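Participant: Structure file run_23.json, JSON, C-alpha atoms, is pasted below:
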[["chain", "number", "residue", "atom", "x", "y", "z"],
["M", 21, "MET", "CA", -10.47, -2.83, -4.05],
["M", 22, "ASP", "CA", -8.43, -5.06, -1.80],
["M", 23, "ARG", "CA", -9.57, -8.67, -2.27],
["M", 24, "ARG", "CA", -7.93, -10.10, 0.81],
["M", 25, "SER", "CA", -10.24, -11.78, 3.28],
["M", 26, "GLY", "CA", -10.08, -14.05, 6.32],
["M", 27, "LEU", "CA", -8.16, -12.19, 9.02],
["M", 28, "GLN", "CA", -9.11, -8.88, 7.47],
["M", 29, "ARG", "CA", -12.78, -9.09, 8.49],
["M", 30, "PRO", "CA", -14.17, -6.22, 10.61],
["M", 31, "SER", "CA", -14.39, -8.46, 13.68],
["M", 32, "ALA", "CA", -10.58, -8.39, 13.75],
["M", 33, "VAL", "CA", -10.84, -4.83, 15.07],
["M", 34, "ARG", "CA", -12.07, -6.28, 18.38],
["M", 35, "GLY", "CA", -9.73, -6.75, 21.30],
["M", 36, "ASP", "CA", -7.94, -4.27, 23.49],
["M", 37, "ARG", "CA", -9.89, -1.04, 23.02],
["M", 38, "ARG", "CA", -6.78, 0.99, 23.82],
["M", 39, "ARG", "CA", -5.07, -0.32, 20.69],
["M", 40, "ARG", "CA", -5.91, 1.57, 17.53],
["M", 41, "ARG", "CA", -6.35, -0.60, 14.45],
["M", 42, "ILE", "CA", -6.93, -0.07, 10.74],
["M", 43, "LEU", "CA", -7.74, -3.14, 8.66],
["M", 44, "SER", "CA", -8.61, -3.69, 5.05],
["M", 45, "CYS", "CA", -12.30, -4.56, 4.85],
["M", 46, "PRO", "CA", -13.60, -5.74, 1.44],
["M", 47, "THR", "CA", -17.35, -5.21, 1.09],
["M", 48, "GLN", "CA", -17.84, -8.78, -0.09],
["M", 49, "ASP", "CA", -16.71, -9.85, 3.41],
["M", 50, "PHE", "CA", -19.39, -7.79, 5.16],
["M", 51, "VAL", "CA", -21.92, -9.92, 7.02],
["M", 52, "ALA", "CA", -25.30, -8.16, 7.09],
["M", 53, "PRO", "CA", -24.01, -4.75, 8.22],
["M", 54, "ASP", "CA", -26.46, -1.91, 8.79],
["M", 55, "LEU", "CA", -25.55, 1.77, 8.55],
["M", 56, "ALA", "CA", -25.76, 3.08, 12.12],
["M", 57, "ARG", "CA", -24.33, 6.54, 11.42],
["M", 58, "ILE", "CA", -23.43, 8.45, 8.28],
["M", 59, "ARG", "CA", -20.81, 11.21, 8.29],
["M", 60, "SER", "CA", -20.03, 11.53, 4.59],
["M", 61, "GLY", "CA", -20.24, 9.80, 1.23],
["M", 62, "VAL", "CA", -23.71, 8.26, 1.66],
["M", 63, "ALA", "CA", -27.16, 9.86, 1.56],
["M", 64, "LYS", "CA", -28.68, 10.30, 5.03],
["M", 65, "THR", "CA", -31.82, 8.56, 3.81],
["M", 66, "ARG", "CA", -29.78, 5.34, 3.60],
["M", 67, "LEU", "CA", -29.48, 5.12, 7.39],
["M", 68, "GLY", "CA", -30.28, 1.60, 8.54],
["M", 69, "GLU", "CA", -29.72, 0.07, 5.12],
["M", 70, "PRO", "CA", -27.04, -2.58, 4.54],
["M", 71, "LEU", "CA", -23.64, -1.48, 3.25],
["M", 72, "THR", "CA", -23.24, -3.41, 0.02],
["M", 73, "PRO", "CA", -21.23, -2.87, -3.19],
["M", 74, "GLU", "CA", -24.49, -1.72, -4.83],
["M", 75, "LEU", "CA", -25.08, 1.14, -2.36],
["M", 76, "PRO", "CA", -24.61, 4.54, -4.09],
["M", 77, "VAL", "CA", -21.59, 6.33, -2.61],
["M", 78, "TRP", "CA", -19.46, 9.32, -3.57],
["M", 79, "GLY", "CA", -16.20, 10.88, -2.46],
["M", 80, "VAL", "CA", -14.68, 9.76, 0.82],
["M", 81, "VAL", "CA", -17.13, 7.55, 2.73],
["M", 82, "ASP", "CA", -17.16, 7.73, 6.54],
["M", 83, "VAL", "CA", -19.84, 5.70, 8.33],
["M", 84, "ASP", "CA", -20.52, 3.54, 11.37],
["M", 85, "ASP", "CA", -21.81, 0.05, 10.60],
["M", 86, "ARG", "CA", -23.44, -2.48, 12.88],
["M", 87, "PHE", "CA", -21.99, -5.92, 12.17],
["M", 88, "GLN", "CA", -23.05, -9.31, 13.35],
["M", 89, "VAL", "CA", -20.31, -10.77, 15.56],
["M", 90, "GLY", "CA", -20.84, -14.41, 16.34],
["M", 91, "ARG", "CA", -24.37, -15.79, 16.42],
["M", 92, "ASN", "CA", -26.24, -13.49, 18.77],
["M", 93, "LYS", "CA", -24.08, -10.40, 19.15],
["M", 94, "SER", "CA", -23.48, -7.26, 17.13],
["M", 95, "ARG", "CA", -20.87, -4.52, 17.25],
["M", 96, "VAL", "CA", -20.55, -1.11, 15.66],
["M", 97, "PHE", "CA", -17.38, -0.40, 13.71],
["M", 98, "ARG", "CA", -16.27, 2.69, 11.88],
["M", 99, "VAL", "CA", -15.80, 2.06, 8.15],
["M", 100, "VAL", "CA", -13.96, 4.44, 5.83],
["M", 101, "GLY", "CA", -14.11, 4.16, 2.05],
["M", 102, "ILE", "CA", -11.31, 5.79, 0.03],
["M", 103, "PRO", "CA", -11.94, 6.26, -3.73],
["M", 104, "VAL", "CA", -9.21, 5.01, -6.04],
["M", 105, "ALA", "CA", -8.60, 5.34, -9.76],
["M", 106, "GLN", "CA", -10.94, 3.58, -12.12],
["M", 107, "ARG", "CA", -10.55, -0.16, -12.49],
["M", 108, "LYS", "CA", -9.84, -1.81, -15.83],
["M", 109, "ASP", "CA", -13.57, -2.15, -16.51],
["M", 110, "GLY", "CA", -13.98, 1.61, -16.18],
["M", 111, "ALA", "CA", -15.94, 1.54, -12.92],
["M", 112, "PRO", "CA", -14.69, 3.54, -9.92],
["M", 113, "GLY", "CA", -13.16, 1.52, -7.13],
["M", 114, "TYR", "CA", -12.91, 1.93, -3.37],
["M", 115, "ILE", "CA", -10.58, 0.72, -0.66],
["M", 116, "TRP", "CA", -12.60, -0.04, 2.48],
["M", 117, "LEU", "CA", -11.01, 0.25, 5.91],
["M", 118, "ALA", "CA", -12.48, -0.80, 9.26],
["M", 119, "THR", "CA", -11.02, 1.00, 12.25],
["M", 120, "ASN", "CA", -11.61, 1.79, 15.89],
["M", 121, "LEU", "CA", -10.07, 5.26, 15.53],
["M", 122, "PRO", "CA", -12.51, 7.89, 16.85],
["M", 123, "ASP", "CA", -14.31, 10.17, 14.41],
["M", 124, "ARG", "CA", -12.16, 13.11, 15.48],
["M", 125, "VAL", "CA", -9.52, 11.52, 13.24],
["M", 126, "ALA", "CA", -10.49, 12.59, 9.72],
["M", 127, "ALA", "CA", -11.31, 9.87, 7.21],
["M", 128, "GLN", "CA", -8.52, 11.16, 4.94],
["M", 129, "THR", "CA", -6.09, 10.73, 7.83],
["M", 130, "VAL", "CA", -7.25, 7.14, 8.33],
["M", 131, "GLY", "CA", -6.41, 6.51, 4.67],
["M", 132, "ALA", "CA", -3.01, 8.18, 5.11],
["M", 133, "PHE", "CA", -2.26, 6.00, 8.16],
["M", 134, "TYR", "CA", -3.12, 2.87, 6.18],
["M", 135, "ARG", "CA", -0.93, 4.02, 3.31],
["M", 136, "LEU", "CA", 2.01, 4.49, 5.69],
["M", 137, "ARG", "CA", 1.40, 1.09, 7.26],
["M", 138, "TRP", "CA", 1.31, -0.51, 3.81],
["M", 139, "ALA", "CA", 4.56, 1.27, 2.88],
["M", 140, "VAL", "CA", 6.28, -0.11, 6.01],
["M", 141, "GLU", "CA", 5.03, -3.64, 5.27],
["M", 142, "ASN", "CA", 6.27, -3.37, 1.69],
["M", 143, "LEU", "CA", 9.65, -2.12, 2.87],
["M", 144, "PHE", "CA", 10.24, -5.08, 5.16],
["M", 145, "ARG", "CA", 8.98, -7.51, 2.52],
["M", 146, "VAL", "CA", 11.48, -6.12, 0.01],
["M", 147, "LEU", "CA", 14.32, -6.11, 2.54],
["M", 148, "LYS", "CA", 13.62, -9.78, 3.26],
["M", 149, "SER", "CA", 12.91, -11.07, -0.24],
["M", 150, "VAL", "CA", 15.49, -9.05, -2.19],
["M", 151, "GLY", "CA", 17.96, -7.85, 0.46],
["M", 152, "ARG", "CA", 17.79, -11.22, 2.30],
["M", 153, "LEU", "CA", 17.87, -9.51, 5.68],
["M", 154, "ASP", "CA", 15.85, -12.35, 7.18],
["M", 155, "GLU", "CA", 19.00, -14.47, 6.82],
["M", 156, "LEU", "CA", 21.05, -12.20, 9.10],
["M", 157, "ARG", "CA", 21.24, -13.73, 12.56],
["M", 158, "SER", "CA", 24.18, -11.85, 14.01],
["M", 159, "GLY", "CA", 25.16, -8.54, 15.56],
["M", 160, "LYS", "CA", 28.68, -8.62, 14.16],
["M", 161, "PRO", "CA", 29.99, -5.38, 12.61],
["M", 162, "ALA", "CA", 30.06, -6.96, 9.15],
["M", 163, "VAL", "CA", 26.39, -7.87, 9.44],
["M", 164, "ILE", "CA", 25.47, -4.39, 10.62],
["M", 165, "ARG", "CA", 27.34, -2.91, 7.66],
["M", 166, "ALA", "CA", 25.45, -5.25, 5.33],
["M", 167, "PHE", "CA", 22.18, -4.08, 6.88],
["M", 168, "ALA", "CA", 23.16, -0.43, 6.43],
["M", 169, "ALA", "CA", 24.25, -1.09, 2.84],
["M", 170, "THR", "CA", 20.89, -2.68, 2.08],
["M", 171, "LEU", "CA", 19.04, 0.34, 3.45],
["M", 172, "VAL", "CA", 21.20, 2.65, 1.33],
["M", 173, "GLY", "CA", 20.45, 0.45, -1.67],
["M", 174, "TRP", "CA", 16.73, 0.75, -0.99],
["M", 175, "ALA", "CA", 17.03, 4.55, -0.74],
["M", 176, "LEU", "CA", 18.82, 4.57, -4.11],
["M", 177, "THR", "CA", 16.06, 2.36, -5.49],
["M", 178, "GLN", "CA", 13.45, 4.95, -4.54],
["M", 179, "LEU", "CA", 15.48, 7.67, -6.28],
["M", 180, "VAL", "CA", 15.79, 5.55, -9.43],
["M", 181, "CYS", "CA", 12.03, 4.82, -9.41],
["M", 182, "ALA", "CA", 11.29, 8.54, -9.00],
["M", 183, "ALA", "CA", 13.54, 9.34, -11.98],
["M", 184, "MET", "CA", 11.79, 6.69, -14.08],
["M", 185, "ARG", "CA", 8.36, 8.12, -13.21],
["M", 186, "ALA", "CA", 9.56, 11.64, -14.08],
["M", 187, "GLU", "CA", 10.84, 10.48, -17.47],
["M", 188, "ARG", "CA", 7.76, 8.40, -18.32],
["M", 189, "PRO", "CA", 4.79, 9.48, -16.16],
["M", 190, "ARG", "CA", 2.53, 6.71, -17.50],
["M", 191, "CYS", "CA", 5.05, 4.03, -16.55],
["M", 192, "GLU", "CA", 5.01, 2.36, -13.11],
["M", 193, "PRO", "CA", 8.41, 0.98, -12.05],
["M", 194, "SER", "CA", 8.56, -2.04, -9.77],
["M", 195, "PRO", "CA", 10.65, -1.30, -6.66],
["M", 196, "TYR", "CA", 11.29, -5.04, -6.28],
["M", 197, "ARG", "CA", 12.72, -5.37, -9.79],
["M", 198, "VAL", "CA", 14.64, -2.08, -9.67],
["M", 199, "PHE", "CA", 16.18, -3.05, -6.32],
["M", 200, "ALA", "CA", 17.30, -6.41, -7.69],
["M", 201, "LEU", "CA", 18.76, -4.77, -10.82],
["M", 202, "LEU", "CA", 20.56, -2.18, -8.72],
["M", 203, "LEU", "CA", 22.14, -4.83, -6.49],
["M", 204, "ALA", "CA", 23.17, -6.84, -9.54],
["M", 205, "ASN", "CA", 24.80, -3.88, -11.32],
["M", 206, "LEU", "CA", 26.16, -1.76, -8.48],
["M", 207, "GLY", "CA", 29.49, -3.60, -8.39],
["M", 208, "SER", "CA", 30.20, -3.21, -12.10],
["M", 209, "LEU", "CA", 29.16, 0.45, -12.01],
["M", 210, "GLY", "CA", 31.53, 1.08, -9.12],
["M", 211, "GLU", "CA", 34.42, -0.64, -10.88],
["M", 212, "ALA", "CA", 33.89, 1.52, -13.96],
["M", 213, "GLY", "CA", 34.02, 4.77, -11.99],
["M", 214, "ALA", "CA", 37.61, 5.53, -12.99],
["M", 215, "GLY", "CA", 36.94, 5.33, -16.73],
["M", 216, "ARG", "CA", 34.42, 7.81, -18.09],
["M", 217, "ARG", "CA", 33.75, 5.95, -21.34],
["M", 218, "VAL", "CA", 33.32, 2.58, -19.64],
["M", 219, "LEU", "CA", 31.10, 4.14, -16.98],
["M", 220, "ARG", "CA", 28.88, 5.70, -19.64],
["M", 221, "GLU", "CA", 28.53, 2.38, -21.44],
["M", 222, "ARG", "CA", 27.59, 0.55, -18.24],
["M", 223, "LEU", "CA", 25.17, 3.29, -17.20],
["M", 224, "ASP", "CA", 23.49, 3.06, -20.60],
["M", 225, "ALA", "CA", 23.25, -0.73, -20.24],
["M", 226, "PHE", "CA", 21.82, -0.36, -16.72],
["M", 227, "ARG", "CA", 19.29, 2.21, -17.93],
["M", 228, "ALA", "CA", 18.20, -0.09, -20.76],
["M", 229, "ALA", "CA", 17.81, -2.96, -18.26],
["M", 230, "LEU", "CA", 15.63, -0.76, -16.05],
["M", 231, "TRP", "CA", 13.15, -0.09, -18.85],
["M", 232, "ARG", "CA", 13.31, -3.68, -20.05],
["M", 233, "GLU", "CA", 13.07, -5.49, -16.70],
["M", 234, "GLY", "CA", 12.31, -2.90, -14.01],
["M", 235, "VAL", "CA", 8.76, -1.99, -15.00],
["M", 236, "ASN", "CA", 5.84, -3.36, -13.01],
["M", 237, "PRO", "CA", 4.21, -6.05, -15.24],
["M", 238, "ASN", "CA", 0.89, -5.66, -13.38],
["M", 239, "PRO", "CA", 0.36, -1.91, -12.98],
["M", 240, "GLY", "CA", -2.28, -1.00, -10.43],
["M", 241, "ARG", "CA", -1.49, -3.66, -7.80],
["M", 242, "PRO", "CA", -0.20, -3.14, -5.24],
["M", 243, "TYR", "CA", 1.71, 0.02, -6.03],
["M", 244, "ALA", "CA", -1.32, 1.98, -7.23],
["M", 245, "ARG", "CA", -2.75, 1.80, -3.72],
["M", 246, "GLU", "CA", 0.04, 4.01, -2.45],
["M", 247, "ARG", "CA", -0.45, 6.45, -5.32],
["M", 248, "HIS", "CA", -4.23, 6.69, -4.92],
["M", 249, "LEU", "CA", -4.13, 7.05, -1.14],
["M", 250, "ALA", "CA", -1.42, 9.68, -1.47],
["M", 251, "ALA", "CA", -3.75, 11.73, -3.68],
["M", 252, "ILE", "CA", -6.20, 12.34, -0.83],
["M", 253, "GLU", "CA", -3.47, 14.12, 1.16],
["M", 254, "LYS", "CA", -3.11, 16.89, -1.44]]
Just dump the structure as structure tokens.
Facilitator:
Amino acid sequence: MDRRSGLQRPSAVRGDRRRRRILSCPTQDFVAPDLARIRSGVAKTRLGEPLTPELPVWGVVDVDDRFQVGRNKSRVFRVVGIPVAQRKDGAPGYIWLATNLPDRVAAQTVGAFYRLRWAVENLFRVLKSVGRLDELRSGKPAVIRAFAATLVGWALTQLVCAAMRAERPRCEPSPYRVFALLLANLGSLGEAGAGRRVLRERLDAFRAALWREGVNPNPGRPYARERHLAAIEK
């Protein structure tokens, strides 16, 4: 369950009604919500009850909740709950999303949209923190080539991570760490291209570094979110 709060409260969905929004909405941030409509995941007899972490739910949850907005006003927001893998304590977890998307958009699709949004945010965070693209302030050809090279490097990173997952399914590589290792070793690998023996030695060293330093030290956050949300699309 996403523990972020503050700007992620359901009231942040307010504003221009023509803009479609999907925000993370932890249940501990709910302020006296009441179930106004139940589509799935909650017993119909629970209508009018507060949506709390103790409320029995199953599968994909799709409900409308009435929230207190300000002191004397209330608004109804659509809330979607996506089940994720079990937490470390063995209990099932949920990712809760508040949205103003109409109910004709399936709850699974809302989860897929949020997954894609999260993937885009992660991409730009990696490009800034590892690729240092936030330092590029020019439209010169050399800068554009550097930008393109960074994107190619990120694409290679995804291929390397996919190969690592295929070799060890229980292992979760860290795209951040793999990207940094790739950038650090790409030059030496390229220089060794002419010599087969040297290339093999450097590839073996790079592979060992991937398993030693490229694995996510905290599996389950945030990368598991993408994996769990992807499962609902199957």
Participant: Go through M:Gly113, M:Gly173, M:Gly215, M:Gly131 one by one, measure the shortest atom-to-atom distance of each to Leu147 in chain M using all atoms listed in the file, and give the residue with the smallest value.
Facilitator: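 When distances to Leu147 in chain M are compared using all atoms listed in the file, the smallest one comes from M:Gly173.
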Participant: Which residues are near Asp84 in chain M? Cut-off 7 Å, all atoms listed in the file, ignore same chain within fewer than 5 positions. Put them as a PDB file with C-alpha atoms, in the coordinates of the input.
Facilitator:
ATOM      1  CA  LEU M  55     -25.550   1.770   8.550  1.00  0.00           C
ATOM      2  CA  ALA M  56     -25.760   3.080  12.120  1.00  0.00           C
ATOM      3  CA  ARG M  57     -24.330   6.540  11.420  1.00  0.00           C
ATOM      4  CA  ILE M  58     -23.430   8.450   8.280  1.00  0.00           C
ATOM      5  CA  VAL M  96     -20.550  -1.110  15.660  1.00  0.00           C
ATOM      6  CA  PHE M  97     -17.380  -0.400  13.710  1.00  0.00           C
ATOM      7  CA  ARG M  98     -16.270   2.690  11.880  1.00  0.00           C
ATOM      8  CA  VAL M  99     -15.800   2.060   8.150  1.00  0.00           C
TER       9      VAL M  99
END
Participant: Return the single residue from M:Asn92, M:Thr170, M:Gln128, M:Thr65 that is closest to Phe144 in chain M, with distances computed using all atoms listed in the file.
Facilitator: M:Thr170
Participant: Could you check the closest approach to Ala126 in chain M for each of M:Arg165, M:Lys148, M:Arg59, M:Lys93 and tell me which residue wins, using all atoms listed in the file?
Facilitator: M:Arg59
Participant: Check the smallest atom-to-atom distance from each of M:Ile164, M:Val80, M:Leu136, M:Leu75 to Val104 in chain M using all atoms listed in the file, then report the winner.
Facilitator: M:Val80
Participant: Report, in Å with one decimal, the straight-line distance from CA of Phe226 in chain M to CA of Leu201 in chain M.
Facilitator: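 Spanning CA of Phe226 in chain M to CA of Leu201 in chain M is a straight-line distance of 8.0 Å.
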Participant: Between CA of Leu117 in chain M and CA of Cys181 in chain M, what is the spacing in Å?
Facilitator: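 Distance between the two atoms: 28.0 Å.
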Participant: Work out how far CA of Arg124 in chain M is from CA of Pro73 in chain M, in Å to one decimal.
Facilitator: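 Taking CA of Pro73 in chain M and CA of Arg124 in chain M, their separation equals 26.2 Å.
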Participant: Counting only C-alpha atoms, figure out which residue out of M:Met184, M:Leu143, M:Leu206, M:Val130 gets nearest to Ala169 in chain M.
Facilitator: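 The shortest atom-to-atom distance to Ala169 in chain M comes from M:Leu206.
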Participant: Just add N, CA and C atoms to range 181-209 of chain M and send it as a PDB file, in the coordinates of the input.
Facilitator:
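Saved as rebuild_12.pdb:
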ATOM      1  N   CYS M 181      13.452   4.929  -9.046  1.00  0.00           N
ATOM      2  CA  CYS M 181      12.030   4.820  -9.410  1.00  0.00           C
ATOM      3  C   CYS M 181      11.428   6.204  -9.651  1.00  0.00           C
ATOM      4  N   ALA M 182      11.802   7.176  -8.821  1.00  0.00           N
ATOM      5  CA  ALA M 182      11.290   8.540  -9.000  1.00  0.00           C
ATOM      6  C   ALA M 182      11.757   9.118 -10.332  1.00  0.00           C
ATOM      7  N   ALA M 183      13.026   8.855 -10.698  1.00  0.00           N
ATOM      8  CA  ALA M 183      13.540   9.340 -11.980  1.00  0.00           C
ATOM      9  C   ALA M 183      12.822   8.685 -13.151  1.00  0.00           C
ATOM     10  N   MET M 184      12.510   7.392 -13.015  1.00  0.00           N
ATOM     11  CA  MET M 184      11.790   6.690 -14.080  1.00  0.00           C
ATOM     12  C   MET M 184      10.383   7.256 -14.246  1.00  0.00           C
ATOM     13  N   ARG M 185       9.712   7.550 -13.129  1.00  0.00           N
ATOM     14  CA  ARG M 185       8.360   8.120 -13.210  1.00  0.00           C
ATOM     15  C   ARG M 185       8.392   9.510 -13.838  1.00  0.00           C
ATOM     16  N   ALA M 186       9.449  10.297 -13.518  1.00  0.00           N
ATOM     17  CA  ALA M 186       9.560  11.640 -14.080  1.00  0.00           C
ATOM     18  C   ALA M 186       9.787  11.583 -15.591  1.00  0.00           C
ATOM     19  N   GLU M 187      10.553  10.595 -16.037  1.00  0.00           N
ATOM     20  CA  GLU M 187      10.840  10.480 -17.470  1.00  0.00           C
ATOM     21  C   GLU M 187       9.646   9.943 -18.246  1.00  0.00           C
ATOM     22  N   ARG M 188       8.933   8.983 -17.668  1.00  0.00           N
ATOM     23  CA  ARG M 188       7.760   8.400 -18.320  1.00  0.00           C
ATOM     24  C   ARG M 188       6.619   8.333 -17.304  1.00  0.00           C
ATOM     25  N   PRO M 189       5.835   9.410 -17.195  1.00  0.00           N
ATOM     26  CA  PRO M 189       4.790   9.480 -16.160  1.00  0.00           C
ATOM     27  C   PRO M 189       3.772   8.343 -16.220  1.00  0.00           C
ATOM     28  N   ARG M 190       3.515   7.785 -17.379  1.00  0.00           N
ATOM     29  CA  ARG M 190       2.530   6.710 -17.500  1.00  0.00           C
ATOM     30  C   ARG M 190       3.111   5.339 -17.147  1.00  0.00           C
ATOM     31  N   CYS M 191       4.393   5.301 -16.866  1.00  0.00           N
ATOM     32  CA  CYS M 191       5.050   4.030 -16.550  1.00  0.00           C
ATOM     33  C   CYS M 191       5.146   3.854 -15.041  1.00  0.00           C
ATOM     34  N   GLU M 192       4.922   2.648 -14.546  1.00  0.00           N
ATOM     35  CA  GLU M 192       5.010   2.360 -13.110  1.00  0.00           C
ATOM     36  C   GLU M 192       6.155   1.392 -12.866  1.00  0.00           C
ATOM     37  N   PRO M 193       7.301   1.886 -12.347  1.00  0.00           N
ATOM     38  CA  PRO M 193       8.410   0.980 -12.050  1.00  0.00           C
ATOM     39  C   PRO M 193       8.095   0.067 -10.884  1.00  0.00           C
ATOM     40  N   SER M 194       8.710  -1.095 -10.870  1.00  0.00           N
ATOM     41  CA  SER M 194       8.560  -2.040  -9.770  1.00  0.00           C
ATOM     42  C   SER M 194       9.740  -1.899  -8.829  1.00  0.00           C
ATOM     43  N   PRO M 195       9.527  -1.432  -7.587  1.00  0.00           N
ATOM     44  CA  PRO M 195      10.650  -1.300  -6.660  1.00  0.00           C
ATOM     45  C   PRO M 195      11.385  -2.617  -6.441  1.00  0.00           C
ATOM     46  N   TYR M 196      10.661  -3.742  -6.455  1.00  0.00           N
ATOM     47  CA  TYR M 196      11.290  -5.040  -6.280  1.00  0.00           C
ATOM     48  C   TYR M 196      12.304  -5.285  -7.399  1.00  0.00           C
ATOM     49  N   ARG M 197      11.868  -5.089  -8.639  1.00  0.00           N
ATOM     50  CA  ARG M 197      12.720  -5.370  -9.790  1.00  0.00           C
ATOM     51  C   ARG M 197      13.879  -4.376  -9.880  1.00  0.00           C
ATOM     52  N   VAL M 198      13.583  -3.096  -9.614  1.00  0.00           N
ATOM     53  CA  VAL M 198      14.640  -2.080  -9.670  1.00  0.00           C
ATOM     54  C   VAL M 198      15.687  -2.348  -8.596  1.00  0.00           C
ATOM     55  N   PHE M 199      15.248  -2.738  -7.401  1.00  0.00           N
ATOM     56  CA  PHE M 199      16.180  -3.050  -6.320  1.00  0.00           C
ATOM     57  C   PHE M 199      17.091  -4.209  -6.707  1.00  0.00           C
ATOM     58  N   ALA M 200      16.510  -5.257  -7.278  1.00  0.00           N
ATOM     59  CA  ALA M 200      17.300  -6.410  -7.690  1.00  0.00           C
ATOM     60  C   ALA M 200      18.296  -6.027  -8.787  1.00  0.00           C
ATOM     61  N   LEU M 201      17.862  -5.210  -9.756  1.00  0.00           N
ATOM     62  CA  LEU M 201      18.760  -4.770 -10.820  1.00  0.00           C
ATOM     63  C   LEU M 201      19.883  -3.899 -10.273  1.00  0.00           C
ATOM     64  N   LEU M 202      19.550  -3.047  -9.313  1.00  0.00           N
ATOM     65  CA  LEU M 202      20.560  -2.180  -8.720  1.00  0.00           C
ATOM     66  C   LEU M 202      21.617  -3.002  -7.989  1.00  0.00           C
ATOM     67  N   LEU M 203      21.184  -3.984  -7.200  1.00  0.00           N
ATOM     68  CA  LEU M 203      22.140  -4.830  -6.490  1.00  0.00           C
ATOM     69  C   LEU M 203      23.014  -5.616  -7.458  1.00  0.00           C
ATOM     70  N   ALA M 204      22.425  -6.046  -8.574  1.00  0.00           N
ATOM     71  CA  ALA M 204      23.170  -6.840  -9.540  1.00  0.00           C
ATOM     72  C   ALA M 204      24.187  -6.012 -10.318  1.00  0.00           C
ATOM     73  N   ASN M 205      23.936  -4.711 -10.470  1.00  0.00           N
ATOM     74  CA  ASN M 205      24.800  -3.880 -11.320  1.00  0.00           C
ATOM     75  C   ASN M 205      25.666  -2.900 -10.543  1.00  0.00           C
ATOM     76  N   LEU M 206      25.430  -2.774  -9.243  1.00  0.00           N
ATOM     77  CA  LEU M 206      26.160  -1.760  -8.480  1.00  0.00           C
ATOM     78  C   LEU M 206      27.658  -2.013  -8.487  1.00  0.00           C
ATOM     79  N   GLY M 207      28.062  -3.283  -8.389  1.00  0.00           N
ATOM     80  CA  GLY M 207      29.490  -3.600  -8.390  1.00  0.00           C
ATOM     81  C   GLY M 207      30.171  -3.194  -9.677  1.00  0.00           C
ATOM     82  N   SER M 208      29.586  -3.541 -10.815  1.00  0.00           N
ATOM     83  CA  SER M 208      30.200  -3.210 -12.100  1.00  0.00           C
ATOM     84  C   SER M 208      30.206  -1.702 -12.343  1.00  0.00           C
ATOM     85  N   LEU M 209      29.176  -1.008 -11.869  1.00  0.00           N
ATOM     86  CA  LEU M 209      29.160   0.450 -12.010  1.00  0.00           C
ATOM     87  C   LEU M 209      30.257   1.088 -11.169  1.00  0.00           C
TER      88      LEU M 209
END
